[in-house]
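Okay, structure first, notes after.
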Amino acid sequence: MIERSESESRKLLGRLRTAMASDEPGQARLDRITHLIADSMQTEVCSIYLFRDDDTLELCATEGLKPEAVHQTRMRLGEGLVGRVGLRGKVINTPDAPSEKGFRYMPETGEERYSSFLGIPVQRLGEILGVLVVQSRDRRVYSADEVYALEVVAMVLAEMAELGAFVGEGAAMEALHQQPVTLKCTTGQEGAAEGHVWLHEPRVVVTNPIADDPDKERERLNDAVDRLRVSVDEMLAHTGSGDNEQLQVLEAYRMFANSRGWMRRMEADIANGLSAEAAVEKEQSIARSRMAEVQDTYLRERLADLDDLSNRLLRILTGQGAETGATLPVDPILVARNIGPGELLEYGRRLKGIVLEEGSVGSHAAIVARALAIPLVVHAERITNEALNGDHILVDGDQGIVHLRPEDAVAKSFRDKIAMQAKAQERYASIRDKPAVTACGERVGLFMNAGLMADLPSLAGSGAEGVGLFRTELQFLIRNKMPQREELAQTYARVLDAAGGKPVVFRTLDIGSDKVLPYMKPTDEPNPALGWRAIRVGLDKPGVLRMQLQALIRAANGRPMTIMFPFIAQFEEYRAARAEVDKAIAREERLGHLLPETLKVGAMLETPSMAFAPQKFFDEVDFVSIGGNDLKQFFFAADRENERVRRRYDTLNTSFLSLIERIVERCQISGTPLSFCGEDAGRPIEAVCFAAIGIRSLSMRPASIGPVKSLLMRADLPALRRIIADARHRGEQSVRPAIMDWLRQAD
């Protein structure tokens, strides 16, 4: 039975290849394919439904149903049995379709005469393109062999659609990768950019999904898998024993590369008529479909490993490696599923923008993008499947929107926005060297955030008075092994040199949560944002903290040094960290090293608990910096990575401003310098409100300094204070509407 099924499958695929090779129009080709499948499967009906938009399937060809229903019959995703297959990507095989839950009767098709129904998703790399259906009058459950054979056919149909074999009239038969696409994403780094797509991992296109000689294809597959195994073994041999996480990934690669089950499934696909490449891609599509459903982190990671391994195998089989012959455009917008910080830094400032299918606003890539001031969006669903190298693309990092292959009107509007921003920046240049003094005479210090040497040239051009936050973790994240003390000392010394005497606040290593070092064993925590991170890691594993403190002291070489500890949640943590500084100073003095001219040690206040810390904390600490990003998410119990909740809570909420006012009051009692650091510091409306309630130092990305300074210089802080107090007295949830009304009237 299996041999007969495999033979029939090969015959059908052979006939499909003839249809592929024909020069007839897409509709005629699709019509012929439905006839071929119905004839081969010995069913009265074969129908092909394709998506006309994200939510609607359209009957595009049929053998057996009424011809006039083609391009007229449509159904919403999840509607009817076809819609269920399209929604879930699962096979539906039933002998009595009308009695099946969710069945939708469509009188225009004449399908009420057919009892049995077999629906197969037409999918490529986890993306569902349509649904393939066969139906018969007789009540029957299609055998496992028949289902399998039709899955193979559906996979080939997906490849044919990818290659443009079914282009015709109507939205459902438009050519892929040619229509405008707009994606709603998540902002990782603000800014706007126009350019052309550069795929970090170029698409592998399978141009020969069907093969005549199974023996030859099996031999090609085995040769490619042997080469893959050798490459994995070589990577393992060159990976140090300390790189535990990388070793785990490579061991998973080796496990899959040697998996007989994986090989058996691909060999079965080849026996059914697929080429070696198509067999690999079929398994990859299944892995991606499962990945979308699995909640377990470990299983998702293993499926991701299999997906990556399949990509490597496809590149070996097709010869389509990273070097495709394409040249980097002059205005590259990087498109990738995800990317590590080291790889991103290799591109550097050549990139105009970054679009990631995965990632998060706190990921390593986002940190580097902010450091390089490159617009970044994440969660761009299906972008790597949709985009091609060289496609025109617009990235709106302010709104979190991507326009791929935009229409002329959209592109013109976008260019107008960029031009307006550029004009505003020219206006800000005129006040670059002026201090931020408000209309009422209050001076507010404006500082920039940094994390790379590449950031420091922005110090002079932005008008910043210094670096309010230098993220030292980037020096750790971009390496495959722990940096040495002298190496760090040289890096920190270069930062101080580049600052040219302006103050620099070095934040000690802030790792954990979403920032896991490549050589650090990840911790399995249910809520890592509230877990073992930042100063908690430093105090539990003091070796790295001490090494970093020694490097900072040596980098100062007699110059002033300012050190800040991240994520201080209780007074004793600051005291313990401060004690480590004192030990490091004593040690360096014993060794005869030059000590800093002055040393200030502060804390980043990122948890509401520290607003209620003993006053002794504010007496002892040299300065406090409010870490606005974390403080806000903990105050509102709203994960800033979660799009469902993160935009529901306003920084200018009266309760949140009351918390900040309390911190201001605590610092004023002790005379402790206070600053606000985070994305909100760089938003002009929020910045003037912070200044109104008493904060006199703000740290932000360099590009935000001009807009913030411009508004501060026009602001009347006592008037703003009264507006905030009045809004609170009225019981308003946010002061934003009142502030906006006042600013409009003031202009």
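Residue names in the structure tokens use chain letters A, B, ... in the order shown, residue numbers from 1 in each chain, and ligand numbers from 1 in the order shown.
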
Residue contacts of Phe565 (chain A) (8 Å, only C-alpha atoms) excluding same-chain residues fewer than 5 positions away, as a PyMOL selection string: chain A and resi 507-508+535+574+577+601-604

Could you save the residues just selected, with N, CA and C atoms, as a PDB file, in the first residue's frame?
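Generated file (result32.pdb):
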ATOM      1  N   ARG A 507      27.723  53.075  35.140  1.00  0.00           N
ATOM      2  CA  ARG A 507      26.865  52.125  35.858  1.00  0.00           C
ATOM      3  C   ARG A 507      27.519  50.758  35.815  1.00  0.00           C
ATOM      4  N   THR A 508      27.659  50.118  36.967  1.00  0.00           N
ATOM      5  CA  THR A 508      28.281  48.794  36.993  1.00  0.00           C
ATOM      6  C   THR A 508      27.383  47.786  36.277  1.00  0.00           C
ATOM      7  N   ILE A 535      22.644  44.322  40.579  1.00  0.00           N
ATOM      8  CA  ILE A 535      23.468  44.321  41.786  1.00  0.00           C
ATOM      9  C   ILE A 535      23.322  43.019  42.558  1.00  0.00           C
ATOM     10  N   TYR A 574      22.955  48.739  48.920  1.00  0.00           N
ATOM     11  CA  TYR A 574      23.866  49.850  48.623  1.00  0.00           C
ATOM     12  C   TYR A 574      25.068  49.823  49.564  1.00  0.00           C
ATOM     13  N   ALA A 577      27.474  47.134  48.465  1.00  0.00           N
ATOM     14  CA  ALA A 577      28.173  47.510  47.234  1.00  0.00           C
ATOM     15  C   ALA A 577      29.195  48.601  47.515  1.00  0.00           C
ATOM     16  N   VAL A 601      29.875  57.825  44.567  1.00  0.00           N
ATOM     17  CA  VAL A 601      29.227  56.518  44.433  1.00  0.00           C
ATOM     18  C   VAL A 601      27.736  56.693  44.646  1.00  0.00           C
ATOM     19  N   GLY A 602      26.963  56.352  43.637  1.00  0.00           N
ATOM     20  CA  GLY A 602      25.521  56.557  43.717  1.00  0.00           C
ATOM     21  C   GLY A 602      24.733  55.287  43.459  1.00  0.00           C
ATOM     22  N   ALA A 603      23.423  55.436  43.445  1.00  0.00           N
ATOM     23  CA  ALA A 603      22.523  54.298  43.258  1.00  0.00           C
ATOM     24  C   ALA A 603      21.463  54.648  42.231  1.00  0.00           C
ATOM     25  N   MET A 604      21.088  53.656  41.448  1.00  0.00           N
ATOM     26  CA  MET A 604      19.968  53.811  40.523  1.00  0.00           C
ATOM     27  C   MET A 604      18.710  53.343  41.244  1.00  0.00           C
TER      28      MET A 604
END

I'd like the neighbourhood of region 39-43 of chain A as a list in words, where a residue qualifies if any of its atoms comes within 9 Å (using only C-alpha atoms), though same-chain residues fewer than 6 positions away should be ignored.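 Residues near the query, excluding close chain neighbours: Glu8, Ser9, Lys11, Leu12, Gly64, Val134, Gln135, Ser136, Arg137, Glu146 and Leu150 of chain A.
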
Go ahead and dump the residues you just picked, C-alpha atoms, as a short mmCIF file (atom, residue, chain, number, x, y, z; two decimals), in the first residue's frame.
data_model
loop_
_atom_site.label_atom_id
_atom_site.label_comp_id
_atom_site.auth_asym_id
_atom_site.auth_seq_id
_atom_site.Cartn_x
_atom_site.Cartn_y
_atom_site.Cartn_z
CA GLU A 8 1.20 7.62 -7.12
CA SER A 9 2.61 10.58 -5.22
CA LYS A 11 3.49 10.40 -10.54
CA LEU A 12 1.33 13.28 -9.34
CA GLY A 64 -15.98 19.35 -9.00
CA VAL A 134 -10.41 17.14 -1.57
CA GLN A 135 -13.99 15.90 -1.16
CA SER A 136 -15.99 12.79 -2.11
CA ARG A 137 -19.63 11.77 -2.10
CA GLU A 146 -3.33 9.74 1.42
CA LEU A 150 -1.50 15.43 -0.06
#

So which residues touch Glu381 (chain A) within 12 Å, counting only C-alpha atoms, skipping near sequence neighbours fewer than 4 positions away, as a PyMOL selection string? chain A and resi 54+126-127+181-186+292+335-338+355-359+377+385-387+401-402

Alpha helix (DSSP H) residues, from DSSP on the backbone, in region 320-491 of chain A, as a PyMOL selection string: chain A and resi 341-347+364-372+383-386+408-429+458-462+474-477+485-491

Output as CSV one row per residue of region 425-490 of chain A within 10 Å of region 668-683 of chain A: the closest atom pair and its distance in Å to one decimal place, counting only C-alpha atoms, sorted by chain and residue number ascending.
residue,atom,partner,partner_atom,distance
A:Val444,CA,A:Ser675,CA,9.9
A:Gly445,CA,A:Ser675,CA,8.8
A:Leu446,CA,A:Ala681,CA,9.3
A:Phe447,CA,A:Cys677,CA,9.0
A:Met448,CA,A:Cys677,CA,9.0
A:Asn449,CA,A:Cys677,CA,8.1
A:Gly468,CA,A:Cys677,CA,7.5
A:Leu469,CA,A:Cys677,CA,7.6

Surrounding residues of region 101-108 of chain A excluding itself and chain neighbours under 4 positions, 12 Å, only C-alpha atoms, as a PyMOL selection string: chain A and resi 59+65-85+92+94+96-97+112-115+117

Could you tell me how far CA of Ala21 (chain A) sits from CA of Ile128 (chain A), in Å to one decimal place?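 Computing the Euclidean distance for CA of Ile128 (chain A) and CA of Ala21 (chain A) yields 24.0 Å.
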
What is the CA of Arg701 (chain A) to CA of Pro435 (chain A) distance in Å?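 Separation of CA of Arg701 (chain A) and CA of Pro435 (chain A): 17.3 Å.
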
When DSSP is applied to the backbone of this structure, which of region 82-249 of chain A are assigned strand (DSSP E)? Write them out as a tab-separated table (two decimals) with C-alpha atoms, in the first residue's frame.
chain	number	residue	atom	x	y	z
A	92	ILE	CA	-9.17	18.23	9.07
A	93	ASN	CA	-10.12	14.72	7.89
A	94	THR	CA	-13.79	13.81	8.33
A	116	SER	CA	-16.06	13.38	3.07
A	117	PHE	CA	-13.65	16.30	3.53
A	118	LEU	CA	-9.87	16.46	3.74
A	119	GLY	CA	-8.35	19.92	4.25
A	120	ILE	CA	-4.56	20.44	4.22
A	121	PRO	CA	-2.83	23.76	5.01
A	122	VAL	CA	-0.68	25.09	2.16
A	123	GLN	CA	2.25	26.47	4.13
A	124	ARG	CA	5.84	27.48	3.68
A	127	GLU	CA	3.40	30.75	7.02
A	128	ILE	CA	0.00	29.54	5.82
A	129	LEU	CA	-0.67	30.65	2.24
A	130	GLY	CA	-3.95	28.79	1.67
A	131	VAL	CA	-5.85	25.51	1.99
A	132	LEU	CA	-5.95	22.45	-0.30
A	133	VAL	CA	-9.20	20.46	-0.11
A	134	VAL	CA	-10.41	17.14	-1.57
A	135	GLN	CA	-13.99	15.90	-1.16
A	136	SER	CA	-15.99	12.79	-2.11
A	181	VAL	CA	2.71	45.79	3.24
A	182	THR	CA	2.22	47.75	6.45
A	183	LEU	CA	3.23	46.14	9.74
A	184	LYS	CA	2.40	47.35	13.25
A	186	THR	CA	6.91	47.56	18.79
A	187	THR	CA	9.28	50.52	19.08
A	188	GLY	CA	12.78	49.52	20.17
A	189	GLN	CA	14.52	52.78	19.32
A	192	ALA	CA	12.57	57.41	11.23
A	193	ALA	CA	14.48	55.95	8.30
A	194	GLU	CA	13.95	55.28	4.61
A	195	GLY	CA	16.05	52.80	2.70
A	196	HIS	CA	16.24	49.40	1.08
A	197	VAL	CA	16.06	45.97	2.65
A	198	TRP	CA	19.23	44.11	3.54
A	199	LEU	CA	18.42	40.61	4.79

For Pro95 (chain A), please output as a PyMOL selection string all residues within 6 Å (counting only C-alpha atoms; exclusion window: fewer than 6 positions along the same chain). chain A and resi 116+139-141

Using only C-alpha atoms, which residues sit within 6 Å of Gly353 (chain A) once same-chain residues fewer than 3 positions away are excluded, as a PyMOL selection string? chain A and resi 193+333+374-376

Nearest to Leu743 (chain A) by atom-to-atom distance, counting only C-alpha atoms, from A:Gly348, A:Pro25, A:Pro684, A:Pro214: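 Answer, going by the shortest atom-to-atom distance: A:Pro684.
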